[in-house]
>>> print(open('my_file-v9.txt').read())   # compact mmCIF, C-alpha atoms
# COMPACT_ATOMS: atom_id res chain seq x y z
CA MET A 1250 3.92 24.82 20.07
CA PRO A 1251 3.07 21.78 17.90
CA ALA A 1252 0.64 22.56 15.11
CA SER A 1253 -2.81 21.07 15.49
CA PRO A 1254 -4.44 19.25 12.56
CA GLN A 1255 -6.58 22.36 12.00
CA GLN A 1256 -3.58 24.72 12.02
CA ALA A 1257 -1.27 22.56 9.94
CA SER A 1258 -2.55 22.53 6.40
CA VAL A 1259 -1.27 22.61 2.88
CA PRO A 1260 -0.24 26.12 1.84
CA PRO A 1261 -2.52 28.38 -0.23
CA SER A 1262 -0.22 27.79 -3.20
CA ALA A 1263 -0.79 24.03 -2.96
CA PRO A 1264 -0.49 22.14 -6.26
CA THR A 1265 -3.56 21.76 -8.45
CA ARG A 1266 -5.02 18.46 -9.64
CA PRO A 1267 -2.97 18.59 -12.90
CA ASP A 1268 0.18 19.27 -10.86
CA LEU A 1269 -0.56 16.33 -8.60
CA ALA A 1270 -1.35 14.09 -11.57
CA ALA A 1271 1.98 15.03 -13.16
CA ARG A 1272 3.79 14.13 -9.93
CA ALA A 1273 2.01 10.78 -9.73
CA GLU A 1274 2.89 10.14 -13.35
CA THR A 1275 6.55 10.84 -12.60
CA ALA A 1276 6.44 8.31 -9.77
CA ARG A 1277 4.73 5.76 -12.02
CA HIS A 1278 7.23 6.19 -14.83
CA SER A 1279 10.20 6.15 -12.45
CA THR A 1280 9.17 2.98 -10.63
CA LEU A 1281 8.50 1.09 -13.84
CA ARG A 1282 11.67 2.39 -15.49
CA LEU A 1283 13.96 1.52 -12.59
CA PHE A 1284 12.33 -1.59 -11.13
CA GLY A 1285 10.12 -3.16 -13.81
CA ARG A 1286 11.54 -6.28 -15.44
CA LYS A 1287 10.29 -9.38 -17.22
CA THR A 1288 9.91 -12.46 -15.02
CA ALA A 1289 12.80 -14.80 -15.83
CA GLN A 1290 12.71 -13.33 -19.37
CA PHE A 1291 9.22 -14.75 -20.00
CA PRO A 1292 7.48 -12.64 -22.68
CA GLY A 1293 4.37 -10.78 -21.61
CA THR A 1294 5.35 -10.69 -17.95
CA LEU A 1295 6.35 -7.94 -15.54
CA LEU A 1296 7.79 -8.02 -12.03
CA GLY A 1297 9.31 -5.43 -9.75
CA ARG A 1298 12.89 -6.16 -8.77
CA VAL A 1299 13.61 -5.67 -5.08
CA LEU A 1300 16.49 -3.18 -5.31
CA HIS A 1301 17.82 -0.47 -7.57
CA PRO A 1302 20.61 -0.81 -8.38
CA GLU A 1303 20.57 -4.58 -7.91
CA THR A 1304 23.48 -5.58 -5.66
CA ARG A 1305 22.40 -8.99 -4.41
CA LYS A 1306 24.09 -12.19 -5.55
CA ARG A 1307 22.09 -14.33 -7.97
CA ARG A 1308 21.44 -17.09 -5.44
CA HIS A 1309 20.10 -14.50 -3.01
CA ARG A 1310 17.79 -13.06 -5.67
CA THR A 1311 16.50 -16.55 -6.46
CA HIS A 1312 15.53 -17.37 -2.88
CA GLU A 1313 14.21 -13.96 -1.80
CA TRP A 1314 10.60 -13.48 -2.89
CA HIS A 1315 8.52 -10.45 -1.88
CA TYR A 1316 5.07 -11.59 -2.99
CA TRP A 1317 3.15 -8.88 -1.16
CA TRP A 1318 5.31 -6.06 -2.58
CA GLN A 1319 4.24 -7.20 -6.03
CA ALA A 1320 0.58 -7.11 -4.97
CA HIS A 1321 0.98 -3.45 -4.02
CA PHE A 1322 2.87 -2.83 -7.26
CA LEU A 1323 -0.25 -4.09 -9.04
CA ASP A 1324 -2.48 -1.87 -6.91
CA ALA A 1325 -0.36 1.16 -7.80
CA ILE A 1326 -0.56 0.36 -11.52
CA VAL A 1327 -4.34 0.21 -11.16
CA ASP A 1328 -4.28 3.57 -9.36
CA ALA A 1329 -2.47 5.05 -12.34
CA GLY A 1330 -4.80 3.43 -14.85
CA LEU A 1331 -7.93 4.73 -13.14
CA ARG A 1332 -6.38 8.20 -12.85
CA GLN A 1333 -5.53 8.17 -16.54
CA LYS A 1334 -8.99 6.96 -17.50
CA THR A 1335 -10.70 9.62 -15.36
CA ALA A 1336 -8.57 12.31 -17.04
CA GLY A 1337 -9.59 11.06 -20.51
CA HIS A 1338 -6.18 9.57 -21.34
CA ASP A 1339 -7.63 6.36 -22.75
CA ASP A 1340 -4.46 5.12 -24.45
CA ALA A 1341 -2.43 5.54 -21.26
CA ALA A 1342 -5.12 3.77 -19.24
CA ALA A 1343 -5.11 0.88 -21.69
CA ALA A 1344 -1.32 0.68 -21.38
CA SER A 1345 -1.61 0.52 -17.59
CA LEU A 1346 -4.17 -2.26 -17.93
CA ARG A 1347 -1.70 -4.23 -20.08
CA GLN A 1348 1.03 -3.65 -17.50
CA GLY A 1349 -1.27 -4.84 -14.72
CA ARG A 1350 -2.07 -8.02 -16.61
CA ALA A 1351 1.63 -8.58 -17.30
CA LEU A 1352 2.44 -8.13 -13.62
CA LEU A 1353 -0.26 -10.58 -12.55
CA ARG A 1354 1.20 -13.12 -15.00
CA GLY A 1355 4.66 -12.33 -13.68
CA ILE A 1356 3.58 -13.00 -10.10
CA GLN A 1357 2.12 -16.35 -11.14
CA VAL A 1358 5.30 -17.37 -12.99
CA ARG A 1359 7.61 -16.26 -10.16
CA ASN A 1360 5.39 -18.02 -7.61
CA MET A 1361 5.93 -21.36 -9.35
CA GLY A 1362 2.81 -21.23 -11.50
CA THR A 1363 0.33 -20.49 -8.73
CA PHE A 1364 -1.03 -17.58 -6.70
CA ILE A 1365 -1.12 -19.62 -3.49
CA ASN A 1366 1.49 -19.30 -0.76
CA ASN A 1367 1.84 -19.88 2.96
CA TYR A 1368 0.75 -16.43 4.14
CA TYR A 1369 -2.87 -15.35 4.19
CA ASP A 1370 -2.03 -11.65 4.42
CA ASP A 1371 0.02 -11.88 1.19
CA MET A 1372 -2.88 -13.53 -0.58
CA ALA A 1373 -5.36 -11.00 0.80
CA TRP A 1374 -3.37 -8.10 -0.68
CA LEU A 1375 -3.23 -9.80 -4.07
CA THR A 1376 -6.97 -10.56 -3.91
CA LEU A 1377 -7.68 -6.86 -3.37
CA ALA A 1378 -5.39 -5.92 -6.27
CA CYS A 1379 -7.03 -8.48 -8.58
CA GLU A 1380 -10.47 -7.08 -7.79
CA ARG A 1381 -9.25 -3.60 -8.67
CA LEU A 1382 -7.54 -4.83 -11.86
CA ASN A 1383 -10.90 -6.25 -12.86
CA ARG A 1384 -12.45 -2.83 -12.19
CA LEU A 1385 -9.84 -1.17 -14.39
CA ALA A 1386 -10.64 -3.61 -17.19
CA LEU A 1387 -14.33 -2.73 -16.85
CA ALA A 1388 -13.52 0.97 -17.07
CA VAL A 1389 -11.16 0.64 -20.04
CA GLU A 1390 -12.72 -2.18 -22.07
CA GLY A 1391 -16.28 -2.41 -20.80
CA SER A 1392 -15.86 -5.97 -19.53
CA GLY A 1393 -14.03 -7.63 -16.70
CA ASP A 1394 -10.68 -9.41 -16.83
CA ALA A 1395 -11.07 -13.20 -16.84
CA PHE A 1396 -7.51 -13.80 -15.65
CA ALA A 1397 -7.91 -11.50 -12.64
CA GLN A 1398 -11.31 -13.01 -11.85
CA ASP A 1399 -9.90 -16.54 -11.96
CA ALA A 1400 -6.98 -15.59 -9.74
CA ALA A 1401 -9.30 -13.92 -7.23
CA THR A 1402 -11.63 -16.93 -7.17
CA ARG A 1403 -8.76 -19.21 -6.21
CA LEU A 1404 -7.45 -16.74 -3.66
CA TYR A 1405 -10.84 -16.28 -1.99
CA ARG A 1406 -10.87 -20.01 -1.20
CA GLU A 1407 -7.59 -19.57 0.62
CA LEU A 1408 -8.83 -16.54 2.53
CA ALA A 1409 -11.87 -18.46 3.73
CA ALA A 1410 -9.55 -21.15 5.12
CA ALA A 1411 -7.78 -18.50 7.21
CA CYS A 1412 -10.99 -17.62 9.06
CA THR A 1413 -11.62 -20.21 11.75
CA PRO A 1414 -13.60 -20.22 15.02
CA GLU A 1415 -10.54 -20.63 17.27
CA VAL A 1416 -10.33 -17.88 19.92
CA GLY A 1417 -13.67 -16.50 18.76
CA GLY A 1418 -12.90 -15.78 15.10
CA GLY A 1419 -10.47 -13.62 13.19
CA ALA A 1420 -8.03 -14.75 10.52
CA PHE A 1421 -4.74 -16.57 10.81
CA TRP A 1422 -1.62 -14.92 9.45
CA SER A 1423 -0.08 -18.10 7.99
CA LYS A 1424 -0.83 -21.75 7.44
CA ASP A 1425 1.03 -22.52 10.65
CA HIS A 1426 -2.23 -21.44 12.34
CA ASP A 1427 -0.54 -20.07 15.44
CA PHE A 1428 -1.04 -16.30 15.04
CA LYS A 1429 -4.19 -14.30 14.28
CA ASN A 1430 -3.49 -10.70 13.43
CA THR A 1431 -4.65 -7.42 11.98
CA PRO A 1432 -2.41 -7.64 8.85
CA ALA A 1433 -4.41 -10.68 7.72
CA THR A 1434 -7.83 -10.10 9.27
CA ALA A 1435 -8.32 -6.50 8.07
CA PRO A 1436 -7.55 -6.98 4.35
CA ILE A 1437 -9.52 -10.22 4.33
CA ALA A 1438 -12.48 -8.35 5.83
CA LEU A 1439 -12.12 -5.73 3.08
CA ALA A 1440 -11.87 -8.42 0.40
CA PHE A 1441 -15.04 -10.08 1.72
CA ALA A 1442 -16.86 -6.75 1.82
CA ARG A 1443 -15.92 -6.06 -1.81
CA ALA A 1444 -17.20 -9.54 -2.73
CA HIS A 1445 -20.57 -8.75 -1.05
CA ARG A 1446 -19.84 -11.24 1.73
CA TYR A 1447 -20.95 -8.68 4.26
CA ALA A 1448 -21.71 -10.92 7.24
CA GLU A 1449 -18.25 -12.48 7.07
CA ALA A 1450 -16.62 -9.06 6.78
CA ALA A 1451 -18.58 -7.73 9.75
CA ALA A 1452 -17.67 -10.77 11.86
CA LEU A 1453 -13.97 -10.22 11.19
CA LEU A 1454 -14.21 -6.52 12.04
CA ASN A 1455 -16.10 -7.30 15.24
CA TRP A 1456 -13.40 -9.78 16.27
CA LEU A 1457 -10.68 -7.23 15.56
CA HIS A 1458 -12.45 -4.61 17.63
CA ALA A 1459 -12.99 -7.00 20.53
CA HIS A 1460 -9.45 -8.42 20.62
CA LEU A 1461 -7.04 -5.95 19.08
CA PHE A 1462 -8.47 -2.45 19.34
CA ASP A 1463 -6.65 -0.31 21.92
CA ALA A 1464 -9.39 2.09 22.96
CA GLU A 1465 -7.02 4.32 24.89
CA ARG A 1466 -4.89 5.01 21.83
CA GLY A 1467 -7.65 4.58 19.27
CA LEU A 1468 -5.62 2.14 17.17
CA TYR A 1469 -5.40 -1.55 16.28
CA LEU A 1470 -2.63 -3.69 17.73
CA ASP A 1471 -0.74 -6.23 15.66
CA GLY A 1472 -2.05 -9.64 16.70
CA VAL A 1473 -2.51 -12.50 19.16
CA LYS A 1474 -0.52 -15.70 19.42
CA VAL A 1475 -2.71 -18.78 19.54
CA ALA A 1476 -1.76 -21.92 21.46
CA GLY A 1477 -3.52 -25.19 20.72
CA ARG A 1478 -6.04 -26.16 18.09
CA GLY A 1479 -9.80 -26.44 17.84
CA ASN A 1480 -11.71 -26.24 21.11
CA ARG A 1481 -8.45 -26.19 23.06
CA ALA A 1482 -7.08 -23.10 21.32
CA GLU A 1483 -6.47 -20.06 23.47
CA ILE A 1484 -4.73 -16.71 23.23
CA SER A 1485 -1.27 -17.09 24.74
CA SER A 1486 -0.07 -13.50 24.28
CA VAL A 1487 -0.80 -10.23 22.52
CA GLU A 1488 1.62 -8.61 20.09
CA GLY A 1489 1.12 -4.93 20.89
CA GLY A 1490 3.00 -3.26 18.03
CA LEU A 1491 1.39 -0.24 16.38
CA TYR A 1492 1.89 0.04 12.63
CA THR A 1493 0.46 2.49 10.14
CA TYR A 1494 -0.61 -0.12 7.61
CA ASN A 1495 -2.71 -2.06 10.09
CA GLN A 1496 -5.11 0.86 10.42
CA GLY A 1497 -5.66 1.36 6.68
CA PRO A 1498 -7.58 -1.75 5.61
CA VAL A 1499 -9.70 -1.56 8.76
CA LEU A 1500 -10.86 1.88 7.60
CA GLY A 1501 -11.37 0.53 4.08
CA ALA A 1502 -13.48 -2.38 5.28
CA TYR A 1503 -15.77 -0.17 7.37
CA LEU A 1504 -16.17 2.18 4.40
CA ALA A 1505 -17.03 -0.73 2.10
CA LEU A 1506 -19.77 -1.84 4.48
CA LEU A 1507 -21.04 1.74 4.71
CA ASP A 1508 -21.18 1.90 0.91
CA ALA A 1509 -23.22 -1.28 0.80
CA GLY A 1510 -25.56 -0.22 3.63
CA ALA A 1511 -24.52 -3.45 5.38
CA VAL A 1512 -23.74 -2.18 8.87
CA GLU A 1513 -26.39 -3.96 10.92
CA GLY A 1514 -24.08 -6.70 12.16
CA LEU A 1515 -21.33 -4.37 13.36
CA THR A 1516 -20.71 -3.80 17.05
CA VAL A 1517 -19.66 -0.17 16.48
CA ASN A 1518 -21.08 2.77 14.59
CA PRO A 1519 -18.72 2.79 11.59
CA ALA A 1520 -18.70 6.55 10.97
CA GLU A 1521 -18.00 7.29 14.65
CA HIS A 1522 -15.37 4.54 14.83
CA ILE A 1523 -13.57 5.80 11.73
CA ALA A 1524 -13.36 9.23 13.36
CA GLU A 1525 -11.96 7.59 16.52
CA VAL A 1526 -9.30 5.67 14.56
CA LEU A 1527 -8.38 8.75 12.53
CA ALA A 1528 -7.79 10.66 15.76
CA GLY A 1529 -5.55 7.81 16.94
CA ILE A 1530 -3.64 7.84 13.65
CA ASP A 1531 -2.99 11.55 14.02
CA ARG A 1532 -1.83 11.19 17.63
CA GLU A 1533 0.44 8.19 17.09
CA PHE A 1534 1.70 8.65 13.55
CA GLY A 1535 1.21 12.36 12.87
CA TRP A 1536 4.29 14.55 12.56
CA ASP A 1537 4.63 18.33 12.70
CA PHE A 1538 6.80 19.47 9.83
CA GLU A 1539 7.79 22.88 8.52
CA ALA A 1540 7.85 23.29 4.75
CA GLU A 1541 10.63 25.22 3.04
CA ASP A 1542 8.42 28.33 2.91
CA GLY A 1543 7.75 28.07 6.66
CA THR A 1544 4.24 26.59 6.33
CA PRO A 1545 3.45 24.18 9.18
CA LEU A 1546 2.32 20.78 7.91
CA ARG A 1547 0.88 17.80 9.69
CA LEU A 1548 1.98 14.67 7.86
CA LEU A 1549 2.31 10.95 8.51
CA ARG A 1550 5.67 9.55 9.50
CA THR A 1551 7.04 6.56 7.65
CA GLN A 1552 8.22 3.25 9.10
CA GLY A 1553 11.58 2.48 7.53
CA GLY A 1554 12.63 0.34 4.58
CA GLY A 1555 12.06 -3.30 3.70
CA ASP A 1556 8.47 -4.33 4.42
CA GLY A 1557 8.08 -1.19 6.53
CA GLY A 1558 8.66 0.85 3.40
CA LEU A 1559 5.10 0.05 2.30
CA PHE A 1560 3.34 0.71 5.60
CA THR A 1561 2.46 4.39 5.39
CA GLY A 1562 1.61 4.16 1.70
CA ILE A 1563 -1.02 1.55 2.50
CA LEU A 1564 -2.51 3.74 5.21
CA VAL A 1565 -2.65 6.77 2.91
CA ARG A 1566 -4.48 4.74 0.24
CA TYR A 1567 -7.38 4.28 2.65
CA LEU A 1568 -7.16 7.75 4.17
CA ALA A 1569 -7.90 9.03 0.67
CA GLU A 1570 -11.14 7.03 0.80
CA VAL A 1571 -11.95 8.58 4.17
CA ALA A 1572 -11.25 12.04 2.74
CA THR A 1573 -13.81 11.61 -0.02
CA HIS A 1574 -16.56 9.58 1.64
CA PRO A 1575 -19.91 11.40 1.87
CA ALA A 1576 -21.09 9.45 4.93
CA LEU A 1577 -18.37 10.99 7.10
CA SER A 1578 -18.38 14.44 8.68
CA GLN A 1579 -16.68 17.31 6.93
CA GLY A 1580 -14.19 17.61 9.78
CA VAL A 1581 -13.14 13.97 9.49
CA ARG A 1582 -12.86 14.20 5.71
CA GLU A 1583 -10.78 17.36 5.92
CA GLN A 1584 -8.42 15.96 8.53
CA ALA A 1585 -7.78 12.89 6.37
CA ARG A 1586 -7.39 15.06 3.28
CA GLN A 1587 -4.78 17.28 4.92
CA LEU A 1588 -2.76 14.28 6.09
CA VAL A 1589 -2.77 12.84 2.57
CA LEU A 1590 -1.85 16.10 0.83
CA ALA A 1591 0.83 17.11 3.32
CA THR A 1592 2.50 13.69 3.20
CA ALA A 1593 2.46 13.77 -0.62
CA GLU A 1594 3.87 17.31 -0.66
CA VAL A 1595 6.83 16.41 1.53
CA PHE A 1596 7.53 13.18 -0.35
CA TRP A 1597 7.70 15.19 -3.56
CA ALA A 1598 9.95 17.86 -2.05
CA GLY A 1599 12.36 15.18 -0.79
CA ARG A 1600 12.92 13.43 -4.13
CA ARG A 1601 16.11 13.22 -6.18
CA GLU A 1602 15.87 13.32 -9.98
CA PHE A 1603 18.52 11.97 -12.34
CA ASP A 1604 19.05 10.67 -15.86
CA PRO A 1605 19.13 6.84 -15.71
CA ASP A 1606 20.90 6.61 -19.07
CA LEU A 1607 23.99 8.57 -18.01
CA PRO A 1608 27.06 6.50 -16.99
CA MET A 1609 27.33 7.82 -13.46
CA ASN A 1610 30.76 6.29 -12.76
CA GLU A 1611 32.57 7.92 -15.67
CA LEU A 1612 34.94 10.81 -15.09
CA GLY A 1613 33.36 14.18 -15.83
CA ILE A 1614 29.72 13.04 -15.53
CA ASP A 1615 27.65 15.32 -13.34
CA PRO A 1616 25.13 13.15 -11.42
CA ASN A 1617 22.71 16.09 -11.45
CA GLU A 1618 22.83 16.46 -15.23
CA ILE A 1619 19.75 15.38 -17.18
CA ARG A 1620 20.11 14.87 -20.92
CA GLY A 1621 17.09 12.68 -21.59
CA GLU A 1622 14.02 11.85 -19.52
CA ALA A 1623 14.51 12.14 -15.78
CA VAL A 1624 13.40 9.63 -13.19
CA ALA A 1625 12.84 10.30 -9.52
CA LEU A 1626 13.81 8.42 -6.40
CA PHE A 1627 11.90 9.13 -3.20
CA SER A 1628 13.14 9.08 0.35
CA PRO A 1629 12.40 6.12 2.63
CA ASP A 1630 11.96 8.72 5.41
CA VAL A 1631 9.36 11.28 4.44
CA THR A 1632 10.77 13.85 6.89
CA ARG A 1633 14.27 13.80 5.31
CA HIS A 1634 15.43 14.50 1.77
CA ILE A 1635 16.64 11.34 0.04
CA SER A 1636 20.12 12.85 -0.24
CA GLU A 1637 20.30 12.81 3.57
CA VAL A 1638 19.26 9.18 3.70
CA LEU A 1639 20.92 7.55 0.70
CA LYS A 1640 24.12 8.36 -1.14
CA PRO A 1641 24.06 8.32 -4.98
CA ALA A 1642 24.18 4.73 -6.32
CA GLN A 1643 23.28 3.29 -2.89
CA PRO A 1644 20.52 0.68 -3.37
CA VAL A 1645 16.93 1.69 -2.65
CA ASP A 1646 14.08 -0.72 -1.91
CA LEU A 1647 11.16 -1.14 -4.29
CA SER A 1648 8.84 -0.95 -1.28
CA THR A 1649 9.81 2.63 -0.46
CA GLN A 1650 9.30 3.77 -4.04
CA LEU A 1651 5.92 2.09 -4.24
CA GLN A 1652 4.99 3.86 -1.02
CA ALA A 1653 5.76 7.30 -2.42
CA TRP A 1654 3.96 6.46 -5.66
CA MET A 1655 0.88 5.29 -3.74
CA VAL A 1656 0.86 8.49 -1.68
CA LEU A 1657 1.19 10.70 -4.76
CA GLU A 1658 -1.64 8.81 -6.49
CA ALA A 1659 -3.79 9.16 -3.37
CA ALA A 1660 -3.25 12.94 -3.40
CA THR A 1661 -4.79 13.16 -6.88
CA ARG A 1662 -7.99 11.61 -5.53
CA VAL A 1663 -8.61 14.10 -2.70
CA VAL A 1664 -8.45 17.44 -4.55
>>> encode(input="my_file-v9.txt", output="structure tokens")
Amino acid sequence: MPASPQQASVPPSAPTRPDLAARAETARHSTLRLFGRKTAQFPGTLLGRVLHPETRKRRHRTHEWHYWWQAHFLDAIVDAGLRQKTAGHDDAAAASLRQGRALLRGIQVRNMGTFINNYYDDMAWLTLACERLNRLALAVEGSGDAFAQDAATRLYRELAAACTPEVGGGAFWSKDHDFKNTPATAPIALAFARAHRYAEAAALLNWLHAHLFDAERGLYLDGVKVAGRGNRAEISSVEGGLYTYNQGPVLGAYLALLDAGAVEGLTVNPAEHIAEVLAGIDREFGWDFEAEDGTPLRLLRTQGGGDGGLFTGILVRYLAEVATHPALSQGVREQARQLVLATAEVFWAGRREFDPDLPMNELGIDPNEIRGEAVALFSPDVTRHISEVLKPAQPVDLSTQLQAWMVLEAATRVV
């Protein structure tokens, strides 16, 4: 019989906060060690390369640009910095702040000297990361970060341009203005809520609920294609895909409005709706899994590599907020908490550790030998050990490693 969310929980011997912090620190160190590079050798910059090991031809690397992966890389660095600061590790937190600033500079350099691009969802993710980088600067230095503030100011102008009255509201996905979707509308709503633009955030959430919420499944669909412009615009079709990451920023935006006491303009009760969406997440994306010691766990399944390698990590970021929010019922908080902790536990169990300084292709080298400081690689499929998914030296996507890191950081916030 499948385990229910109440039956499937982390085992009594679950890791403590220091254990979880050490795991998150391993993920942080590993991702930076394996993927972090200067941008085109510019000093004072950082960027995450797409693959490890890098196997693409130079011309391919030049033309392939994963802007939104870098935004989540920045968010993960901020996660680490805030964790370090909370634990009293001030020097480490300051180092993370420097890395975050270097990454923001790296994104600007790689993006041809600007933060603007053709996709509103990309820019929304970077806006959210800039706001959090500014928060980290406040925590570490006592004042905000002018560079992050300036970037966010420019990005907010772009986000406002995405939100038009065609088909009743919502936000366009790209500057082609032919598709309004959850991946753009939800993070923009969250960005507006964090900027105290509560009425705009509520209007976006109301549009999402009216046009893209599947009440039967309790989840948000992907988007609507828009034909025509202005008063002649109309919805031509609905893209009905269900993705983990689409649910996350919706939850975050409702929580931000709850925090601000700015819920009057919403068409749903946010606490009740969050519980409804969480139930849908568990039904659609939950997975019964048996740990090595036989403990039944209820975790969240992942959604592949490439862009999909970030999807569940994004959801877990916001489930951690649900798990710790005092306005929600204890049952809702506990269900979210168990999903976060179980997913983190299985990600950790499925890792492979190795010494990145050993010449793996030389005769007599044991790939399991560690002489210096180990790094970890995490599986793109949380339900399978990485050794089942990838052979040694087979390239792994940055997105999947960011996902595991984000999940492990989230686990430290719910215990």
>>> residues_around(input="my_file-v9.txt", residues="stretch 1421-1430 of chain A", least_positions_apart="2", cutoff="7 Å", atoms="only C-alpha atoms", output="list in words")
Asn1367, Tyr1368, Tyr1369, Asp1370, Ala1411, Cys1412, Gly1419, Pro1432, Ala1433, Thr1434, Asp1471, Gly1472, Val1473, Lys1474, Val1475 and Ala1476 of chain A
>>> write_last_selection(input="my_file-v9.txt", atoms="C-alpha atoms", output="compact mmCIF listing (two decimals), in the frame of the given file")
# COMPACT_ATOMS: atom_id res chain seq x y z
CA ASN A 1367 1.84 -19.88 2.96
CA TYR A 1368 0.75 -16.43 4.14
CA TYR A 1369 -2.87 -15.35 4.19
CA ASP A 1370 -2.03 -11.65 4.42
CA ALA A 1411 -7.78 -18.50 7.21
CA CYS A 1412 -10.99 -17.62 9.06
CA GLY A 1419 -10.47 -13.62 13.19
CA PRO A 1432 -2.41 -7.64 8.85
CA ALA A 1433 -4.41 -10.68 7.72
CA THR A 1434 -7.83 -10.10 9.27
CA ASP A 1471 -0.74 -6.23 15.66
CA GLY A 1472 -2.05 -9.64 16.70
CA VAL A 1473 -2.51 -12.50 19.16
CA LYS A 1474 -0.52 -15.70 19.42
CA VAL A 1475 -2.71 -18.78 19.54
CA ALA A 1476 -1.76 -21.92 21.46
>>> closest_residue(input="my_file-v9.txt", among="A:Asp1537, A:Glu1525, A:Asp1339, A:Glu1415", to="A:Ala1386", atoms="all atoms listed in the file")
A:Asp1339
>>> atom_distance(input="my_file-v9.txt", atom1="atom CA of A:Ala1659", atom2="atom CA of A:Gly1580")
18.8 Å
>>> residues_around(input="my_file-v9.txt", residues="stretch 1359-1364 of chain A", least_positions_apart="3", cutoff="9 Å", atoms="all atoms listed in the file", output="list in words")
Thr1288, Ala1289, Leu1296, Trp1314, Tyr1316, Arg1354, Gly1355, Ile1356, Met1372, Leu1375, Ala1400, Arg1403 and Leu1404 of chain A
>>> closest_residue(input="my_file-v9.txt", among="A:Ala1585, A:Ala1482, A:Ala1336, A:Ala1591", to="A:Arg1566", atoms="all atoms listed in the file")
A:Ala1585
>>> residues_around(input="my_file-v9.txt", residues="stretch 1457-1469 of chain A", least_positions_apart="6", cutoff="9 Å", atoms="only C-alpha atoms", output="list in words")
Gly1418, Gly1419, Asn1430, Thr1431, Thr1434, Ala1435, Val1487, Gly1489, Gly1490, Leu1491, Tyr1492, Asn1495, Gln1496, Val1499, Thr1516, Val1517, His1522, Glu1525, Val1526, Leu1527, Ala1528, Gly1529, Ile1530, Arg1532 and Glu1533 of chain A
